[in-house]
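Here's data_13.txt, which has compact mmCIF, C-alpha atoms:
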# COMPACT_ATOMS: atom_id res chain seq x y z
CA MET A 1132 94.46 126.19 89.85
CA THR A 1133 94.87 122.92 87.96
CA THR A 1134 91.93 121.06 86.44
CA THR A 1135 92.19 118.40 89.14
CA THR A 1136 92.36 120.95 91.96
CA ALA A 1137 89.38 122.84 90.55
CA ALA A 1138 87.36 119.63 90.24
CA TYR A 1139 87.99 118.72 93.87
CA ALA A 1140 87.34 122.27 95.03
CA ALA A 1141 83.93 122.18 93.35
CA ARG A 1142 82.98 119.00 95.23
CA ALA A 1143 85.01 119.41 98.42
CA ASP A 1144 82.03 119.46 100.79
CA GLU A 1145 80.46 116.41 99.15
CA TYR A 1146 83.78 114.54 99.20
CA ALA A 1147 84.42 115.38 102.84
CA GLU A 1148 80.94 114.26 103.90
CA LEU A 1149 81.21 110.93 102.06
CA LEU A 1150 84.88 110.04 102.55
CA GLY A 1151 86.41 112.50 104.98
CA SER A 1152 86.23 110.49 108.18
CA MET A 1153 87.80 107.38 109.61
CA ALA A 1154 84.35 105.79 109.67
CA ALA A 1155 84.52 105.67 105.86
CA VAL A 1156 87.91 103.90 105.84
CA HIS A 1157 88.07 100.21 104.96
CA PRO A 1158 89.22 98.19 108.02
CA SER A 1159 92.10 96.56 106.12
CA ASP A 1160 93.36 99.98 104.98
CA ARG A 1161 93.26 101.21 108.53
CA GLN A 1162 95.20 98.20 109.77
CA LEU A 1163 97.78 98.56 107.00
CA ILE A 1164 98.42 102.24 107.68
CA GLU A 1165 98.44 101.85 111.45
CA THR A 1166 101.08 99.12 111.08
CA TRP A 1167 103.12 101.39 108.80
CA ALA A 1168 102.78 104.25 111.31
CA SER A 1169 104.11 102.08 114.13
CA GLN A 1170 107.34 101.68 112.12
CA VAL A 1171 107.86 105.39 111.37
CA SER A 1172 110.59 107.19 113.27
CA GLY A 1173 110.70 110.99 112.99
CA ARG A 1174 108.35 113.52 111.48
CA ALA A 1175 105.70 112.39 109.02
CA LEU A 1176 103.77 113.95 106.16
CA ASP A 1177 100.27 113.23 104.89
CA ALA A 1178 100.86 114.15 101.23
CA GLY A 1179 97.52 114.95 99.63
CA CYS A 1180 95.69 114.98 102.95
CA GLY A 1181 92.25 116.03 101.70
CA PRO A 1182 90.06 117.08 104.65
CA GLY A 1183 92.66 115.84 107.12
CA HIS A 1184 91.08 112.79 108.75
CA TRP A 1185 94.10 110.55 108.15
CA THR A 1186 96.46 113.27 109.40
CA HIS A 1187 94.44 113.56 112.57
CA HIS A 1188 94.37 109.79 113.01
CA LEU A 1189 98.14 109.55 112.63
CA ALA A 1190 98.61 112.32 115.17
CA GLY A 1191 96.40 110.35 117.54
CA LEU A 1192 98.74 107.40 117.10
CA GLY A 1193 101.59 109.58 118.33
CA LEU A 1194 103.18 110.74 115.08
CA ASP A 1195 104.51 114.27 114.64
CA VAL A 1196 102.62 114.82 111.38
CA ARG A 1197 101.45 117.62 109.09
CA GLY A 1198 99.15 117.57 106.09
CA ILE A 1199 99.42 119.21 102.68
CA ASP A 1200 96.93 119.43 99.84
CA LEU A 1201 96.42 121.63 96.79
CA VAL A 1202 92.70 122.18 97.44
CA PRO A 1203 92.31 125.27 99.67
CA SER A 1204 88.84 124.27 100.86
CA PHE A 1205 90.18 120.92 102.08
CA ILE A 1206 92.90 122.69 104.04
CA GLU A 1207 90.41 125.18 105.49
CA ARG A 1208 88.20 122.32 106.62
CA ALA A 1209 91.15 120.38 108.06
CA ARG A 1210 92.37 123.40 110.02
CA SER A 1211 88.89 123.97 111.39
CA SER A 1212 88.30 120.32 112.29
CA TYR A 1213 91.76 119.58 113.70
CA PRO A 1214 93.20 122.86 115.03
CA GLY A 1215 96.20 121.30 116.74
CA ILE A 1216 97.71 119.94 113.52
CA PRO A 1217 99.57 121.96 110.86
CA PHE A 1218 97.96 121.93 107.41
CA ASP A 1219 99.20 123.84 104.36
CA VAL A 1220 98.21 124.38 100.74
CA ARG A 1221 101.09 122.72 98.92
CA SER A 1222 101.71 120.45 95.94
CA ILE A 1223 103.10 116.96 96.37
CA ASP A 1224 105.19 117.74 93.28
CA ALA A 1225 107.07 120.44 95.22
CA ILE A 1226 107.05 119.72 98.93
CA ASP A 1227 108.30 122.45 101.27
CA GLU A 1228 110.60 120.16 103.26
CA PRO A 1229 114.41 119.87 103.18
CA ASP A 1230 116.06 116.81 101.70
CA GLY A 1231 115.86 113.82 104.04
CA ALA A 1232 113.77 115.66 106.62
CA LEU A 1233 111.04 113.10 107.19
CA GLY A 1234 110.72 109.63 108.64
CA GLY A 1235 107.47 108.74 106.91
CA VAL A 1236 105.13 109.81 104.12
CA LEU A 1237 101.53 108.73 103.60
CA SER A 1238 100.49 109.23 99.98
CA TRP A 1239 97.01 107.73 100.06
CA PHE A 1240 95.60 107.86 96.52
CA SER A 1241 97.18 111.29 96.05
CA THR A 1242 98.98 110.37 92.80
CA ILE A 1243 96.00 108.76 91.05
CA HIS A 1244 95.34 111.77 88.83
CA HIS A 1245 98.91 112.14 87.56
CA GLU A 1246 99.41 111.24 83.93
CA PRO A 1247 101.49 108.08 83.54
CA ASP A 1248 104.39 110.03 82.05
CA ALA A 1249 104.29 112.48 84.98
CA ILE A 1250 103.85 110.21 87.99
CA ALA A 1251 107.60 109.80 88.49
CA ALA A 1252 107.84 113.48 89.56
CA PRO A 1253 105.79 113.28 92.78
CA ILE A 1254 107.25 109.89 93.70
CA ALA A 1255 110.76 111.31 93.28
CA GLU A 1256 109.73 114.24 95.47
CA LEU A 1257 108.47 111.85 98.15
CA ALA A 1258 111.84 110.11 97.99
CA ARG A 1259 113.68 113.42 98.28
CA VAL A 1260 112.03 114.46 101.53
CA LEU A 1261 112.46 111.06 103.22
CA ARG A 1262 115.61 110.22 105.10
CA PRO A 1263 117.37 106.92 104.34
CA GLY A 1264 115.28 104.25 106.00
CA GLY A 1265 112.19 106.47 105.94
CA ARG A 1266 108.99 104.74 104.92
CA LEU A 1267 106.42 105.50 102.24
CA VAL A 1268 102.95 104.05 101.90
CA LEU A 1269 101.39 104.70 98.51
CA GLY A 1270 97.73 103.93 97.77
CA PHE A 1271 96.54 103.41 94.19
CA PHE A 1272 93.87 101.89 91.98
CA GLY A 1273 94.91 98.53 90.58
CA GLY A 1274 94.40 97.14 87.10
CA ASP A 1275 95.79 94.87 84.42
CA ALA A 1276 97.23 97.81 82.45
CA VAL A 1277 98.05 101.46 82.97
CA GLU A 1278 94.87 103.13 81.80
CA ALA A 1279 92.60 106.07 82.49
CA PHE A 1280 89.11 105.75 83.93
CA ASP A 1281 86.30 108.09 84.88
CA HIS A 1282 86.85 108.74 88.57
CA ALA A 1283 83.93 110.31 90.44
CA VAL A 1284 85.71 113.68 90.57
CA VAL A 1285 88.07 113.81 87.60
CA ARG A 1286 89.95 111.37 85.36
CA ALA A 1287 92.28 109.03 87.21
CA TYR A 1288 94.55 106.11 86.35
CA ARG A 1289 94.79 102.50 87.38
CA TRP A 1290 98.12 100.70 87.52
CA PRO A 1291 99.35 97.13 87.61
CA ALA A 1292 101.21 96.78 90.90
CA SER A 1293 104.35 95.55 89.12
CA GLU A 1294 104.60 98.68 86.96
CA LEU A 1295 104.03 101.09 89.83
CA ARG A 1296 106.53 99.17 91.95
CA ALA A 1297 109.09 99.78 89.20
CA VAL A 1298 108.44 103.54 89.29
CA VAL A 1299 108.81 103.55 93.07
CA ALA A 1300 112.04 101.54 92.93
CA ALA A 1301 113.49 103.83 90.26
CA ALA A 1302 112.88 106.82 92.55
CA GLY A 1303 115.24 105.39 95.18
CA PHE A 1304 113.08 103.05 97.23
CA ASP A 1305 113.30 99.43 98.24
CA VAL A 1306 109.78 98.04 97.93
CA LEU A 1307 108.99 96.08 101.08
CA GLU A 1308 105.37 95.05 100.59
CA THR A 1309 102.62 95.19 98.00
CA HIS A 1310 99.00 94.78 99.00
CA GLY A 1311 95.88 94.42 96.85
CA ARG A 1312 92.18 94.20 97.54
CA GLU A 1313 89.35 93.28 95.19
CA GLU A 1314 85.73 93.27 96.26
CA ARG A 1315 82.56 92.77 94.27
CA GLY A 1316 81.22 96.06 92.99
CA GLN A 1317 84.39 97.97 93.89
CA ARG A 1318 87.44 99.02 91.90
CA PRO A 1319 90.57 97.02 92.75
CA VAL A 1320 92.87 98.97 95.03
CA GLY A 1321 96.45 98.49 96.08
CA ALA A 1322 99.13 99.80 98.39
CA ILE A 1323 102.91 99.80 98.22
CA ILE A 1324 105.10 100.12 101.30
CA ALA A 1325 108.66 101.13 100.52
CA GLU A 1326 111.79 102.21 102.35
CA ARG A 1327 114.07 105.01 101.17
CA ARG A 1328 117.44 103.62 100.13
CA PRO A 1329 120.63 105.33 101.31
CA SER A 1330 121.94 107.83 98.79
CA MET A 1331 124.76 106.57 96.58
CA ALA A 1332 126.18 110.09 96.26

Just give me the structure of the file as structure tokens.
Amino acid sequence: MTTTTAAYAARADEYAELLGSMAAVHPSDRQLIETWASQVSGRALDAGCGPGHWTHHLAGLGLDVRGIDLVPSFIERARSSYPGIPFDVRSIDAIDEPDGALGGVLSWFSTIHHEPDAIAAPIAELARVLRPGGRLVLGFFGGDAVEAFDHAVVRAYRWPASELRAVVAAAGFDVLETHGREERGQRPVGAIIAERRPSMA
């Protein structure tokens, strides 16, 4: 178990109670992801699904979706709460899907704990499992520089949108939209919506 996984496992119940429901979701995030979902064709993946509330919400919107997360207690809770949806303990760095199998991937703050020199790996994996034209939505913490900060659970990183966009583009995506939100007393957050480019092979 990685340090990050262990840290979330130790606070899984607390996390789920505070953040593991759609009632805790910011209205603009909900609108953004619902709009993205309406444009997804084919199977979808909630990569880093936590306790599964977003996966369940996407299923309610009509998507054929599954959730994966490295924290076993999150997956146990998700399976118990949403028994009609498949959930599995898996890493977003090594997704158990064939190349080009998916029409959409939600990666909602699931890469925030990756070291800056390692973040390209999960984003490349998200690109691998998406078909050409498949859509990614990537949530992140925004900032003026790539730097670590003390997240409530374990160290995380903030990114300037322009630098994270470059990582996403290098993985084989066309970036379609970038969104940012800053509110008093809250960390700046952002989202990137991108479309998988056709393979040049």

Using all atoms listed in the file, find each residue in stretch 1159-1199 of chain A having at least one atom no more than 7 Å away from stretch 1236-1246 of chain A; report its shortest atom-to-atom pair and that distance in Å (one decimal), rows by chain then rising number, as JSON lines.
{"residue": "A:Ala1175", "atom": "CA", "partner": "A:Val1236", "partner_atom": "CA", "distance": 5.6}
{"residue": "A:Leu1176", "atom": "CA", "partner": "A:Val1236", "partner_atom": "CA", "distance": 4.8}
{"residue": "A:Asp1177", "atom": "CA", "partner": "A:Leu1237", "partner_atom": "CA", "distance": 4.8}
{"residue": "A:Ala1178", "atom": "CA", "partner": "A:Ser1238", "partner_atom": "CA", "distance": 5.1}
{"residue": "A:Gly1179", "atom": "CA", "partner": "A:Ser1241", "partner_atom": "CA", "distance": 5.1}

Measure the distance from atom CA of A:Leu1267 to atom CA of A:Pro1214 in Å and round it to one decimal.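 These atoms are spaced 25.3 Å apart.
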
Polymer residues at most 10 Å from A:Arg1210, all atoms listed in the file, same-chain spacing of 4 or more positions, as a PDB file with C-alpha atoms, keeping the file's coordinate frame:
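This went into result-v3.pdb:
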ATOM      1  CA  PRO A1182      90.060 117.080 104.650  1.00  0.00           C
ATOM      2  CA  GLY A1183      92.660 115.840 107.120  1.00  0.00           C
ATOM      3  CA  GLY A1198      99.150 117.570 106.090  1.00  0.00           C
ATOM      4  CA  SER A1204      88.840 124.270 100.860  1.00  0.00           C
ATOM      5  CA  PHE A1205      90.180 120.920 102.080  1.00  0.00           C
ATOM      6  CA  ILE A1206      92.900 122.690 104.040  1.00  0.00           C
ATOM      7  CA  PRO A1214      93.200 122.860 115.030  1.00  0.00           C
ATOM      8  CA  GLY A1215      96.200 121.300 116.740  1.00  0.00           C
ATOM      9  CA  ILE A1216      97.710 119.940 113.520  1.00  0.00           C
ATOM     10  CA  PRO A1217      99.570 121.960 110.860  1.00  0.00           C
ATOM     11  CA  PHE A1218      97.960 121.930 107.410  1.00  0.00           C
ATOM     12  CA  ASP A1219      99.200 123.840 104.360  1.00  0.00           C
TER      13      ASP A1219
END

Identify which of the residues A:Ala1225, A:Pro1247, A:Ser1159, A:Glu1256 lies closest to A:Ala1279, counting only C-alpha atoms when measuring atom-to-atom distances.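 Nearest candidate to A:Ala1279 out of A:Ala1225, A:Pro1247, A:Ser1159, A:Glu1256: A:Pro1247.
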
Expressed in Å to a single decimal, how great is the separation between atom CA of A:Gly1273 and atom CA of A:Arg1318?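 Separating atom CA of A:Gly1273 from atom CA of A:Arg1318 is a distance of 7.6 Å.
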